[in-house]
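Q: Below you'll find entry_21.cif; it's mmCIF, C-alpha atoms.
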data_entry
loop_
_atom_site.label_atom_id
_atom_site.label_comp_id
_atom_site.auth_asym_id
_atom_site.auth_seq_id
_atom_site.Cartn_x
_atom_site.Cartn_y
_atom_site.Cartn_z
CA MET A 1 2.00 17.25 21.03
CA LYS A 2 3.27 15.91 17.76
CA ARG A 3 4.16 12.23 17.71
CA LEU A 4 7.16 12.63 15.44
CA GLU A 5 8.73 15.73 13.96
CA PHE A 6 11.73 16.10 11.68
CA ASP A 7 12.75 19.71 11.22
CA GLY A 8 15.47 20.47 8.71
CA THR A 9 17.08 17.20 9.73
CA GLU A 10 20.35 16.27 8.17
CA LYS A 11 22.51 13.23 8.82
CA ARG A 12 25.98 12.70 7.40
CA PHE A 13 28.11 9.58 7.71
CA LEU A 14 31.82 10.15 7.01
CA GLY A 15 30.98 13.19 4.92
CA THR A 16 28.25 11.47 2.90
CA SER A 17 24.74 12.79 3.42
CA ALA A 18 22.23 10.02 4.14
CA LEU A 19 19.50 12.54 4.82
CA ARG A 20 19.38 16.15 3.69
CA GLU A 21 17.00 18.65 5.16
CA LEU A 22 14.13 16.38 6.02
CA THR A 23 11.09 18.26 7.30
CA LEU A 24 8.20 15.95 8.08
CA THR A 25 5.55 15.89 10.79
CA LEU A 26 3.62 12.71 11.56
CA GLU A 27 0.61 12.64 13.84
CA GLY A 28 -2.15 10.32 14.99
CA ASP A 29 -2.67 6.58 15.33
CA LYS A 30 -2.09 5.42 11.79
CA ILE A 31 -0.21 2.86 9.77
CA ILE A 32 2.20 4.92 7.72
CA GLY A 33 4.37 3.63 4.88
CA LEU A 34 7.86 5.11 4.70
CA LEU A 35 8.85 4.31 1.15
CA GLY A 36 11.97 4.80 -0.89
CA ARG A 37 14.48 2.93 -2.97
CA ASN A 38 17.67 1.52 -1.54
CA GLY A 39 19.82 4.32 -0.15
CA ALA A 40 16.94 6.81 0.04
CA GLY A 41 17.49 7.37 3.76
CA LYS A 42 14.66 5.29 5.26
CA THR A 43 16.72 3.45 7.85
CA THR A 44 18.58 6.63 8.81
CA ALA A 45 15.28 8.46 9.31
CA MET A 46 13.92 5.60 11.44
CA LYS A 47 17.04 5.34 13.58
CA LEU A 48 16.95 9.10 14.13
CA ALA A 49 13.28 8.80 15.16
CA ALA A 50 14.17 5.98 17.56
CA GLY A 51 16.93 8.09 19.09
CA PHE A 52 19.69 5.71 17.98
CA LEU A 53 21.41 8.45 16.01
CA ARG A 54 22.01 12.12 16.66
CA PRO A 55 21.21 14.42 13.72
CA THR A 56 24.15 16.27 12.16
CA ALA A 57 21.94 19.34 11.72
CA GLY A 58 18.31 20.19 12.39
CA SER A 59 16.20 18.37 14.95
CA VAL A 60 14.16 15.20 15.46
CA ARG A 61 11.48 15.29 18.14
CA ALA A 62 9.34 12.40 19.36
CA PHE A 63 6.49 13.12 21.80
CA GLY A 64 7.66 16.73 21.84
CA GLU A 65 11.12 15.86 23.15
CA PRO A 66 14.43 15.51 21.32
CA ALA A 67 14.43 11.84 20.25
CA PHE A 68 18.13 11.47 21.01
CA ASN A 69 18.72 11.10 24.77
CA SER A 70 15.11 11.34 25.91
CA LEU A 71 14.08 8.65 28.37
CA PHE A 72 10.41 9.50 27.86
CA ALA A 73 10.65 9.17 24.08
CA SER A 74 12.61 5.93 24.20
CA ALA A 75 10.23 4.32 26.71
CA ASN A 76 7.43 4.92 24.23
CA THR A 77 9.28 4.04 21.03
CA ILE A 78 10.40 0.72 19.63
CA TYR A 79 12.52 0.18 16.53
CA MET A 80 12.78 -3.21 14.87
CA SER A 81 14.69 -4.36 11.83
CA GLU A 82 16.48 -7.48 10.73
CA ASP A 83 19.73 -6.02 12.12
CA VAL A 84 18.55 -5.61 15.72
CA ARG A 85 20.87 -7.60 17.96
CA PHE A 86 19.93 -9.24 21.23
CA PRO A 87 22.20 -10.51 24.04
CA TYR A 88 23.44 -13.88 22.79
CA THR A 89 23.16 -15.47 26.24
CA LEU A 90 19.38 -15.07 26.29
CA SER A 91 16.89 -17.53 24.80
CA LEU A 92 13.96 -16.21 22.77
CA GLY A 93 11.72 -16.52 25.82
CA GLY A 94 14.30 -14.63 27.86
CA ILE A 95 14.42 -11.82 25.31
CA LEU A 96 10.64 -11.48 25.46
CA ASP A 97 10.78 -11.42 29.29
CA GLU A 98 13.35 -8.61 29.22
CA LEU A 99 11.36 -6.61 26.66
CA ALA A 100 8.28 -7.02 28.85
CA ARG A 101 10.24 -5.49 31.74
CA ALA A 102 11.33 -2.55 29.61
CA TYR A 103 8.03 -1.76 27.90
CA PRO A 104 5.02 -1.31 30.21
CA ASN A 105 2.41 -2.20 27.56
CA PHE A 106 4.24 -5.31 26.35
CA ASP A 107 1.79 -8.22 25.99
CA ARG A 108 4.03 -11.10 27.05
CA ALA A 109 1.32 -13.78 26.80
CA LEU A 110 0.41 -12.76 23.25
CA ALA A 111 4.08 -12.66 22.22
CA GLY A 112 4.44 -16.21 23.52
CA ARG A 113 1.41 -17.43 21.59
CA LEU A 114 2.60 -15.77 18.39
CA ALA A 115 6.08 -17.26 18.81
CA ASP A 116 4.50 -20.70 19.20
CA TYR A 117 2.34 -20.19 16.14
CA PHE A 118 5.36 -19.26 14.01
CA SER A 119 7.37 -22.22 15.39
CA LEU A 120 9.89 -20.16 17.32
CA PRO A 121 10.78 -22.33 20.36
CA SER A 122 11.14 -20.31 23.53
CA ASP A 123 14.45 -22.01 24.44
CA SER A 124 16.14 -21.35 21.05
CA LYS A 125 18.86 -18.79 20.61
CA HIS A 126 18.24 -15.84 18.30
CA ALA A 127 21.53 -16.38 16.46
CA ALA A 128 20.57 -19.98 15.66
CA LEU A 129 17.50 -18.93 13.68
CA SER A 130 17.37 -18.40 9.94
CA LYS A 131 17.25 -14.85 8.65
CA GLY A 132 13.53 -15.04 7.94
CA MET A 133 12.76 -16.51 11.36
CA GLN A 134 14.88 -13.89 13.13
CA ASN A 135 12.92 -11.21 11.34
CA THR A 136 9.62 -12.92 12.24
CA PHE A 137 10.65 -12.95 15.89
CA ASN A 138 11.70 -9.28 15.76
CA LEU A 139 8.39 -8.24 14.25
CA ILE A 140 6.40 -10.18 16.86
CA ALA A 141 8.44 -8.53 19.62
CA GLY A 142 8.09 -5.09 18.03
CA LEU A 143 4.31 -5.38 17.83
CA ALA A 144 3.77 -7.01 21.23
CA ALA A 145 5.56 -4.02 22.82
CA ARG A 146 2.54 -1.89 21.84
CA CYS A 147 4.53 1.33 21.85
CA PRO A 148 2.75 4.54 20.76
CA LEU A 149 5.56 4.99 18.25
CA THR A 150 6.38 1.69 16.55
CA LEU A 151 9.07 1.75 13.87
CA LEU A 152 9.32 -1.34 11.68
CA ASP A 153 12.20 -1.25 9.22
CA GLU A 154 11.54 -3.62 6.30
CA PRO A 155 9.62 -5.99 8.58
CA LEU A 156 8.76 -8.65 6.00
CA ASN A 157 12.25 -9.12 4.57
CA GLY A 158 13.32 -12.69 3.98
CA MET A 159 10.00 -14.31 4.86
CA ASP A 160 8.17 -16.85 2.77
CA ALA A 161 4.82 -15.92 1.27
CA ALA A 162 2.68 -17.80 3.82
CA VAL A 163 4.39 -16.21 6.81
CA ARG A 164 4.22 -12.80 5.14
CA LYS A 165 0.48 -13.12 4.74
CA ASP A 166 0.00 -14.19 8.36
CA LEU A 167 2.17 -11.38 9.66
CA THR A 168 0.28 -8.83 7.56
CA SER A 169 -2.84 -9.97 9.44
CA VAL A 170 -1.00 -9.78 12.76
CA LEU A 171 0.03 -6.21 11.98
CA LEU A 172 -3.56 -5.22 11.19
CA LYS A 173 -5.02 -7.06 14.21
CA GLU A 174 -2.45 -5.41 16.47
CA PHE A 175 -3.29 -1.99 15.08
CA ILE A 176 -7.02 -2.55 15.64
CA GLU A 177 -6.47 -4.04 19.08
CA ALA A 178 -4.11 -1.29 20.27
CA PRO A 179 -4.14 1.69 17.90
CA ARG A 180 -0.77 3.42 17.70
CA MET A 181 1.48 5.02 15.13
CA ILE A 182 3.12 2.23 13.18
CA ILE A 183 5.67 3.36 10.62
CA VAL A 184 6.62 0.63 8.17
CA SER A 185 9.52 1.14 5.80
CA GLY A 186 10.10 -0.83 2.68
CA HIS A 187 10.90 -0.87 -0.97
CA GLN A 188 8.76 -3.82 -1.89
CA LEU A 189 5.26 -3.60 -0.57
CA GLN A 190 3.42 -6.66 -1.84
CA GLY A 191 0.62 -7.36 0.59
CA LEU A 192 1.28 -4.40 2.85
CA GLU A 193 0.25 -1.55 0.59
CA GLU A 194 -3.45 -1.69 1.41
CA LEU A 195 -2.68 -1.24 5.08
CA PHE A 196 -1.18 2.21 4.68
CA GLU A 197 -3.37 5.16 5.46
CA GLU A 198 -0.62 7.64 4.78
CA ILE A 199 2.69 7.46 2.97
CA ALA A 200 5.94 9.39 3.01
CA ILE A 201 8.38 8.83 0.18
CA LEU A 202 12.07 9.55 0.57
CA HIS A 203 14.23 9.94 -2.49
CA LYS A 204 17.98 10.53 -2.42
CA GLY A 205 17.86 11.71 1.17
CA ARG A 206 14.99 14.13 0.68
CA LEU A 207 11.24 14.03 1.20
CA LEU A 208 9.55 13.54 -2.15
CA ARG A 209 5.92 13.16 -1.03
CA HIS A 210 3.86 12.95 2.11
CA GLU A 211 0.14 12.42 1.74
CA GLU A 212 -2.78 10.05 2.07
CA ALA A 213 -2.14 6.77 0.28
CA ASP A 214 -5.40 7.01 -1.68
CA SER A 215 -4.79 10.50 -2.99
CA PHE A 216 -1.21 9.65 -3.97
CA LYS A 217 -2.33 6.58 -5.87
CA GLY A 218 -5.04 8.54 -7.66
CA GLN A 219 -2.51 10.89 -9.24
CA PHE A 220 -1.08 8.21 -11.52
CA LYS A 221 -2.76 6.61 -14.51
CA LYS A 222 -1.82 4.18 -17.21
CA VAL A 223 -3.02 5.16 -20.66
CA SER A 224 -2.88 2.83 -23.63
CA GLY A 225 -4.15 2.96 -27.19
CA PRO A 226 -3.19 4.29 -30.63
CA ALA A 227 0.00 6.39 -30.42
CA SER A 228 -1.72 9.60 -31.58
CA ALA A 229 -4.57 9.21 -29.09
CA VAL A 230 -2.08 8.57 -26.27
CA SER A 231 -0.19 11.75 -27.25
CA ALA A 232 -3.35 13.82 -27.28
CA ALA A 233 -4.63 12.47 -23.96
CA THR A 234 -1.37 12.88 -22.09
CA GLU A 235 -0.10 16.24 -23.36
CA ARG A 236 -1.41 18.17 -20.36
CA HIS A 237 0.10 15.75 -17.86
CA THR A 238 3.59 14.69 -16.84
CA VAL A 239 4.55 11.63 -18.82
CA ILE A 240 6.75 9.36 -16.73
CA LEU A 241 7.13 6.47 -19.08
CA ARG A 242 6.10 5.85 -22.63
CA ARG A 243 6.67 2.69 -24.56
CA PRO A 244 5.38 0.99 -27.69
CA SER A 245 3.05 -1.96 -27.32
CA LEU A 246 1.23 -3.48 -30.31
CA PRO A 247 2.28 -2.01 -33.69
CA GLY A 248 0.98 1.57 -33.84
CA MET A 249 -0.08 1.41 -30.22
CA GLU A 250 1.57 2.89 -27.19
CA GLU A 251 1.17 2.87 -23.46
CA ALA A 252 2.15 5.63 -21.08
CA ILE A 253 2.26 6.15 -17.35
CA VAL A 254 1.39 9.72 -16.42
CA GLU A 255 1.25 11.80 -13.32
CA LEU A 256 -1.83 14.01 -13.43
CA GLY A 257 -1.51 17.72 -12.91
CA PRO A 258 -2.87 19.07 -9.61
CA GLY A 259 -6.66 18.77 -9.48
CA MET A 260 -6.81 17.26 -12.96
CA THR A 261 -8.46 14.04 -14.04
CA LEU A 262 -8.01 11.85 -17.08
CA PHE A 263 -10.80 9.80 -18.59
CA ALA A 264 -10.91 7.88 -21.83
CA PRO A 265 -13.18 9.91 -24.12
CA ALA A 266 -16.21 7.84 -25.13
CA GLY A 267 -15.92 6.20 -28.53
CA THR A 268 -12.10 6.09 -28.64
CA ASP A 269 -9.83 3.10 -28.35
CA LEU A 270 -8.03 4.70 -25.44
CA ALA A 271 -7.92 2.73 -22.20
CA VAL A 272 -7.19 4.48 -18.93
CA SER A 273 -6.46 2.42 -15.84
CA ALA A 274 -5.27 3.03 -12.31
CA LEU A 275 -1.93 2.01 -10.84
CA SER A 276 -1.45 0.05 -7.65
CA LEU A 277 0.30 1.92 -4.83
CA ASN A 278 3.45 -0.06 -5.51
CA ASP A 279 3.48 0.84 -9.22
CA ALA A 280 2.64 4.47 -8.47
CA TYR A 281 5.55 4.61 -6.04
CA ILE A 282 7.92 3.07 -8.58
CA ALA A 283 6.70 5.61 -11.15
CA ALA A 284 7.25 8.48 -8.70
CA THR A 285 10.80 7.43 -7.87
CA GLY A 286 11.86 5.87 -11.19
CA GLY A 287 12.98 8.90 -13.07
CA THR A 288 15.92 7.53 -15.09
CA GLU A 289 15.44 8.56 -18.70
CA GLY A 290 14.95 5.54 -20.93
CA GLY A 291 15.12 3.04 -18.06
CA ILE A 292 17.38 0.01 -18.18
CA ASP A 293 17.03 -0.23 -21.97
CA ARG A 294 19.31 2.77 -22.33
CA VAL A 295 22.20 0.95 -20.65
CA TYR A 296 21.94 -1.84 -23.18
CA ALA A 297 21.44 0.41 -26.19
CA ASP A 298 24.43 0.69 -28.53
CA PRO A 299 25.74 4.26 -28.13
CA SER A 300 26.74 4.54 -31.79
CA GLY A 301 23.33 3.28 -32.83
CA GLU A 302 24.95 1.41 -35.75
CA ASN A 303 25.18 -2.15 -34.59
CA LYS A 304 22.16 -4.19 -33.87
CA PRO A 305 22.27 -5.97 -30.56
CA GLN A 306 23.58 -9.42 -31.16
CA ASN A 307 23.28 -12.62 -29.35
CA ARG A 308 26.81 -13.46 -28.27
CA ARG A 309 27.09 -16.84 -26.67
CA HIS A 310 30.30 -17.15 -24.72
CA PRO A 311 31.94 -20.57 -24.44
CA ALA A 312 32.99 -21.75 -20.96
CA ASN A 313 36.59 -20.64 -20.35
CA ARG A 314 39.25 -23.04 -19.20
CA PRO A 315 41.68 -21.28 -16.82
CA MET B 1 -14.86 -10.77 -3.60
CA LYS B 2 -11.21 -10.04 -4.07
CA ILE B 3 -9.87 -6.51 -3.74
CA ASN B 4 -8.25 -5.40 -6.97
CA PRO B 5 -5.61 -2.74 -6.24
CA ASP B 6 -5.08 -1.96 -9.96
CA SER B 7 -8.76 -1.29 -10.61
CA ASN B 8 -9.88 2.17 -11.62
CA ALA B 9 -12.38 1.99 -8.78
CA PRO B 10 -10.74 2.89 -5.47
CA ILE B 11 -10.75 0.16 -2.83
CA TYR B 12 -13.41 1.85 -0.69
CA ARG B 13 -15.69 1.91 -3.77
CA GLN B 14 -15.04 -1.80 -4.40
CA LEU B 15 -15.93 -2.48 -0.80
CA ALA B 16 -19.13 -0.42 -1.06
CA ASP B 17 -20.07 -2.33 -4.24
CA TRP B 18 -19.57 -5.62 -2.43
CA ILE B 19 -21.85 -4.57 0.43
CA GLU B 20 -24.41 -3.38 -2.12
CA GLU B 21 -24.35 -6.80 -3.75
CA GLY B 22 -24.85 -8.36 -0.31
CA ILE B 23 -27.90 -6.16 0.21
CA ILE B 24 -29.34 -7.08 -3.20
CA ALA B 25 -28.77 -10.78 -2.50
CA GLY B 26 -30.49 -10.42 0.85
CA SER B 27 -27.40 -11.33 2.91
CA PHE B 28 -27.75 -7.99 4.68
CA PRO B 29 -31.51 -7.53 5.30
CA GLU B 30 -33.19 -4.16 5.92
CA HIS B 31 -32.48 -2.80 9.40
CA GLY B 32 -29.87 -5.54 9.79
CA LYS B 33 -26.35 -4.71 10.92
CA VAL B 34 -23.56 -4.74 8.34
CA TYR B 35 -19.90 -5.40 9.11
CA SER B 36 -17.99 -2.84 11.13
CA GLN B 37 -14.98 -1.03 9.68
CA TYR B 38 -12.70 -3.29 11.72
CA GLN B 39 -14.36 -6.50 10.55
CA LEU B 40 -14.07 -5.30 6.96
CA ALA B 41 -10.44 -4.30 7.48
CA GLU B 42 -9.56 -7.78 8.70
CA LEU B 43 -11.68 -9.50 6.08
CA TYR B 44 -9.85 -7.80 3.23
CA ALA B 45 -6.53 -6.89 4.87
CA ILE B 46 -7.01 -3.19 4.28
CA ASN B 47 -6.62 -0.13 6.45
CA PRO B 48 -9.60 0.46 8.80
CA ALA B 49 -9.77 4.07 7.59
CA THR B 50 -10.32 2.83 4.02
CA ALA B 51 -13.04 0.46 5.23
CA ALA B 52 -14.73 3.34 7.08
CA LYS B 53 -14.66 5.39 3.87
CA GLY B 54 -16.57 2.63 2.06
CA LEU B 55 -19.22 2.48 4.80
CA ASN B 56 -19.57 6.26 4.92
CA LEU B 57 -20.01 6.36 1.16
CA LEU B 58 -23.07 4.12 1.53
CA ALA B 59 -24.32 6.18 4.47
CA ASP B 60 -24.08 9.32 2.32
CA GLU B 61 -26.17 7.60 -0.34
CA ASP B 62 -28.81 6.69 2.32
CA ILE B 63 -28.19 2.99 1.77
CA LEU B 64 -26.87 2.55 5.31
CA TYR B 65 -27.65 4.47 8.46
CA LYS B 66 -25.60 4.96 11.60
CA LYS B 67 -26.74 4.03 15.08
CA ARG B 68 -24.47 5.80 17.49
CA GLY B 69 -22.23 3.32 19.25
CA LEU B 70 -23.87 0.33 17.59
CA GLY B 71 -22.63 0.45 14.02
CA MET B 72 -24.09 0.69 10.55
CA PHE B 73 -27.46 -0.73 9.52
CA VAL B 74 -29.23 -1.28 6.19
CA ALA B 75 -31.76 1.46 5.49
CA GLU B 76 -35.36 0.80 4.54
CA GLY B 77 -35.73 0.62 0.77
CA ALA B 78 -31.94 0.25 0.34
CA LYS B 79 -32.32 -2.60 -2.13
CA GLU B 80 -34.58 -0.59 -4.46
CA LEU B 81 -32.24 2.38 -4.18
CA ILE B 82 -29.23 0.28 -5.23
CA MET B 83 -31.11 -1.37 -8.10
CA LYS B 84 -32.23 2.00 -9.41
CA LYS B 85 -28.73 3.42 -9.13
CA ARG B 86 -27.09 0.45 -10.81
CA ARG B 87 -29.59 0.37 -13.66
CA SER B 88 -28.65 3.90 -14.63
CA GLY B 89 -24.95 3.46 -13.84
CA THR B 90 -23.33 0.04 -13.94
CA MET B 91 -25.72 -1.52 -16.44
CA LEU B 92 -25.43 1.36 -18.89
CA GLU B 93 -21.64 1.26 -18.60
CA MET B 94 -21.59 -2.47 -19.40
CA ILE B 95 -23.83 -1.98 -22.41
CA ARG B 96 -21.52 0.77 -23.63
CA GLU B 97 -18.52 -1.54 -23.31
CA THR B 98 -20.30 -4.37 -25.12
CA VAL B 99 -21.28 -2.10 -28.01
CA HIS B 100 -17.72 -0.77 -28.18
CA GLU B 101 -16.26 -4.30 -28.30
CA ALA B 102 -18.75 -5.23 -31.03
CA ARG B 103 -17.59 -2.23 -33.13
CA ILE B 104 -13.93 -3.32 -32.83
CA LEU B 105 -14.82 -6.83 -33.95
CA GLY B 106 -17.03 -5.53 -36.77
CA ILE B 107 -20.13 -7.22 -35.39
CA GLY B 108 -23.27 -5.72 -36.93
CA ASP B 109 -26.24 -4.47 -34.91
CA GLU B 110 -28.47 -7.40 -35.88
CA GLU B 111 -25.78 -9.91 -35.01
CA LEU B 112 -25.15 -8.29 -31.61
CA ILE B 113 -28.84 -8.39 -30.73
CA THR B 114 -28.99 -12.02 -31.80
CA MET B 115 -25.99 -12.80 -29.59
CA ILE B 116 -27.65 -11.14 -26.59
CA LYS B 117 -30.91 -13.01 -27.25
CA GLU B 118 -29.05 -16.33 -27.50
CA GLU B 119 -27.28 -15.63 -24.21
CA MET B 120 -30.65 -14.86 -22.58
CA GLU B 121 -32.09 -18.13 -23.93
CA GLY B 122 -29.13 -20.01 -22.53
CA LEU B 123 -29.70 -18.59 -19.04
CA LYS B 124 -33.36 -19.55 -18.95
#
What is this structure when it is put down as structure tokens?
A:
Amino acid sequence: MKRLEFDGTEKRFLGTSALRELTLTLEGDKIIGLLGRNGAGKTTAMKLAAGFLRPTAGSVRAFGEPAFNSLFASANTIYMSEDVRFPYTLSLGGILDELARAYPNFDRALAGRLADYFSLPSDSKHAALSKGMQNTFNLIAGLAARCPLTLLDEPLNGMDAAVRKDLTSVLLKEFIEAPRMIIVSGHQLQGLEELFEEIAILHKGRLLRHEEADSFKGQFKKVSGPASAVSAATERHTVILRRPSLPGMEEAIVELGPGMTLFAPAGTDLAVSALSLNDAYIAATGGTEGGIDRVYADPSGENKPQNRRHPANRP
Amino acid sequence: MKINPDSNAPIYRQLADWIEEGIIAGSFPEHGKVYSQYQLAELYAINPATAAKGLNLLADEDILYKKRGLGMFVAEGAKELIMKKRRSGTMLEMIRETVHEARILGIGDEELITMIKEEMEGLK
């Protein structure tokens, strides 16, 4: 039985496709990163997996059953994001009590201890918390539920660095304590990227990649050195970005061809280095020719960019 | 040790190197138990599967051995094995880099050897 299966899944909102023909099968107890830029379809994919949305075409199955309208799937799935709303009459403690009634594996005592640790008083109201604290509470609740399919949509949004670090540890401890499939979406990964065993990248509503995090990372390299050496070293690979550095020198980010490697030949001034998962993911989804520089370039190419200082205007 | 995600060496290799250094320093004695994949995962905030890969790498090189259900242990002669391996690998690589840097800076052979000798004197 597959944990989660998208098959030719499409979702349209008011005629706009948020997801087009997504086919993706996820299995096993793993921490999986669902990556993509804003508008790539991550939240739509997660809400479909959680059974909150019905696909426009194709199917979404969780635990072998259609995710939409399956009691079995929803009892074993939890979705958390910063937009999850709770009944406003309940206190935080009350919300945790209710979740514990709904989810059989929910560790109520642990949730209480975590809430204390992160200074979330049990008698506070959810709506009275700051954005970052709401999201902290949601993540604690989502992990304490210990569902075999745990969907965390941008779980670290709005948190300060110290809390983010602590919650990264909580996520890992929870996974070790009660292994399950934890899918984490995000577009900024700082601190989380080393936790992913597998990644799926969505781009413009389609699946761009799905593979082991290590193997994905290994396909990208940064090459820098004299311009001619960079050209020679990168000609058999896909060059994603190339820019001048020191006079006469260049650096390039390349995606290696399948099964190919790239080493700096001994005795040259060429330096080859690896990319972090975050940089590799940005490289894989960047794809706009010339980057932001192109927007600022003068189309006629005649005028040099000038420094125009505008005075304050009096209305 | 700090995990460096931008390094050319994959994280499981960095982890294996760190355990190797622990064995050389005597922190992990022969037939002693090393950290489990879960302890390593928590220690460095990495995926347990990555940590397991690092341990298995050392097991494949006969530096560690597995005791079913008990964990990973340091093999007999592991220290010598690592030293031998590093002498022909890491050390040679560092020498290569040093010589390369000296060429860029236009440092002559004599001068480089003098610099190395001075450094050795300083460490005595």
Q: Residues of segment 46-142 of chain A that have any atom at most 9 Å from an atom of segment 153-174 of chain A: could you tabulate them with the shortest-distance atom pair and the distance in Å to one decimal, using all atoms listed in the file, ordered by chain and increasing number, as CSV?
A:
residue,atom,partner,partner_atom,distance
A:Met46,CA,A:Asp153,CA,7.4
A:Tyr79,CA,A:Asp153,CA,7.5
A:Met80,CA,A:Asp153,CA,6.0
A:Ser81,CA,A:Asp153,CA,4.8
A:Glu82,CA,A:Pro155,CA,7.3
A:Leu114,CA,A:Val170,CA,9.0
A:Phe118,CA,A:Val163,CA,7.9
A:Lys131,CA,A:Gly158,CA,6.5
A:Gly132,CA,A:Gly158,CA,4.6
A:Met133,CA,A:Met159,CA,7.4
A:Asn135,CA,A:Pro155,CA,6.8
A:Thr136,CA,A:Met159,CA,7.5
A:Asn138,CA,A:Pro155,CA,8.2
A:Leu139,CA,A:Pro155,CA,6.2
A:Ile140,CA,A:Leu167,CA,8.4
Q: Name the residues that the PyMOL selection byres ((chain B) within 10 of (chain A)) picks from the file above, as a list in words, using the file's chain letters and numbers.
A: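 Answer for the PyMOL selection byres ((chain B) within 10 of (chain A)): Ile3, Asn4, Pro5, Asp6, Ser7, Asn8, Ala9, Pro10, Ile11, Tyr12, Tyr38, Gln39, Ala41, Glu42, Leu43, Tyr44, Ala45, Ile46, Asn47, Pro48, Ala49, Thr50, Arg96, Glu97, Val99, His100, Glu101, Arg103 and Ile104 of chain B.
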Q: I would like the residues chosen by the PyMOL selection byres ((chain A and resi 209) around 10) on the shown file; could you give them as a CSV table (one decimal) with C-alpha atoms, keeping the file's coordinate frame?
A:
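Output below, filename part.csv:
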chain,number,residue,atom,x,y,z
A,24,LEU,CA,8.2,16.0,8.1
A,35,LEU,CA,8.8,4.3,1.2
A,199,ILE,CA,2.7,7.5,3.0
A,200,ALA,CA,5.9,9.4,3.0
A,201,ILE,CA,8.4,8.8,0.2
A,202,LEU,CA,12.1,9.6,0.6
A,203,HIS,CA,14.2,9.9,-2.5
A,206,ARG,CA,15.0,14.1,0.7
A,207,LEU,CA,11.2,14.0,1.2
A,208,LEU,CA,9.6,13.5,-2.2
A,210,HIS,CA,3.9,13.0,2.1
A,211,GLU,CA,0.1,12.4,1.7
A,212,GLU,CA,-2.8,10.0,2.1
A,216,PHE,CA,-1.2,9.6,-4.0
A,281,TYR,CA,5.6,4.6,-6.0
A,284,ALA,CA,7.2,8.5,-8.7
Q: Between atom CA of Ala127 of chain A and atom CA of Ala144 of chain A, what is the spacing in Å?
A: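 About the pair atom CA of Ala144 of chain A and atom CA of Ala127 of chain A: they are 20.6 Å apart.
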Q: What would the selection look like, as an MDAnalysis selection string, if the PyMOL selection byres ((chain B and resi 74) around 9) were run on the coordinates I just shared?
A: chainID B and resid 23 28:34 62:65 72:73 75:79
Q: Can you pull out every residue within 7 Å of Phe63 of chain A, counting only C-alpha atoms, but drop anything in the same chain fewer than 4 positions away, and send it as an NGL selection string?
A: :A and (1-4 or 73)
Q: Kindly give the distance, in Å, that separates atom CA of Arg108 of chain A and atom CA of Ile32 of chain A, rounded to a single decimal.
A: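 Answer for the atom CA of Arg108 of chain A to atom CA of Ile32 of chain A separation: 25.2 Å.
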Q: One decimal, in Å: what's the spacing between atom CA of Gly112 of chain A and atom CA of Ala141 of chain A?
A: 9.5 Å
Q: Residues at most 7 Å from Ser124 of chain A, counting only C-alpha atoms, excluding those fewer than 3 positions away in the same chain, as a PyMOL selection string?
A: chain A and resi 91-92+121
Q: Find, counting all atoms listed in the file, the residue in B:Glu110, B:Glu121, B:Glu61, B:Asp17 that gets nearest to Thr90 of chain B.
A: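 Once distances to Thr90 of chain B are computed over all atoms listed in the file, the minimum belongs to B:Asp17.
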Q: Need the shell around Ile113 of chain B: protein/DNA/RNA residues with any atom at most 12 Å away, counting only C-alpha atoms. Skip same-chain ones fewer than 5 positions apart. Format as a list in words?
A: Ile95, Thr98, Val99, Ala102, Ile107, Gly108, Glu118, Glu119 and Met120 of chain B
Q: How big is the axis-aligned box around all listed atoms of segment 90-100 of chain B once 8 Å goes on each side, and where's its centre, in Å to one decimal, as JSON?
A:
{"center_x": -21.7, "center_y": -1.5, "center_z": -21.1, "size_x": 24.0, "size_y": 21.7, "size_z": 30.2}
Q: Hey, could you patch up segment 113-120 of chain B with N, CA and C atoms and hand it over as a PDB file, keeping the file's coordinate frame?
A:
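File produced: selection_31.pdb:
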ATOM      1  N   ILE B 113     -27.548  -8.139 -31.396  1.00  0.00           N
ATOM      2  CA  ILE B 113     -28.840  -8.390 -30.730  1.00  0.00           C
ATOM      3  C   ILE B 113     -29.133  -9.877 -30.682  1.00  0.00           C
ATOM      4  N   THR B 114     -28.805 -10.574 -31.778  1.00  0.00           N
ATOM      5  CA  THR B 114     -28.990 -12.020 -31.800  1.00  0.00           C
ATOM      6  C   THR B 114     -28.151 -12.684 -30.716  1.00  0.00           C
ATOM      7  N   MET B 115     -26.887 -12.212 -30.594  1.00  0.00           N
ATOM      8  CA  MET B 115     -25.990 -12.800 -29.590  1.00  0.00           C
ATOM      9  C   MET B 115     -26.565 -12.610 -28.180  1.00  0.00           C
ATOM     10  N   ILE B 116     -27.079 -11.421 -27.919  1.00  0.00           N
ATOM     11  CA  ILE B 116     -27.650 -11.140 -26.590  1.00  0.00           C
ATOM     12  C   ILE B 116     -28.864 -12.040 -26.351  1.00  0.00           C
ATOM     13  N   LYS B 117     -29.710 -12.170 -27.385  1.00  0.00           N
ATOM     14  CA  LYS B 117     -30.910 -13.010 -27.250  1.00  0.00           C
ATOM     15  C   LYS B 117     -30.529 -14.456 -26.961  1.00  0.00           C
ATOM     16  N   GLU B 118     -29.493 -14.951 -27.700  1.00  0.00           N
ATOM     17  CA  GLU B 118     -29.050 -16.330 -27.500  1.00  0.00           C
ATOM     18  C   GLU B 118     -28.567 -16.546 -26.076  1.00  0.00           C
ATOM     19  N   GLU B 119     -27.809 -15.552 -25.571  1.00  0.00           N
ATOM     20  CA  GLU B 119     -27.280 -15.630 -24.210  1.00  0.00           C
ATOM     21  C   GLU B 119     -28.436 -15.687 -23.212  1.00  0.00           C
ATOM     22  N   MET B 120     -29.495 -14.878 -23.476  1.00  0.00           N
ATOM     23  CA  MET B 120     -30.650 -14.860 -22.580  1.00  0.00           C
ATOM     24  C   MET B 120     -31.370 -16.200 -22.606  1.00  0.00           C
TER      25      MET B 120
END
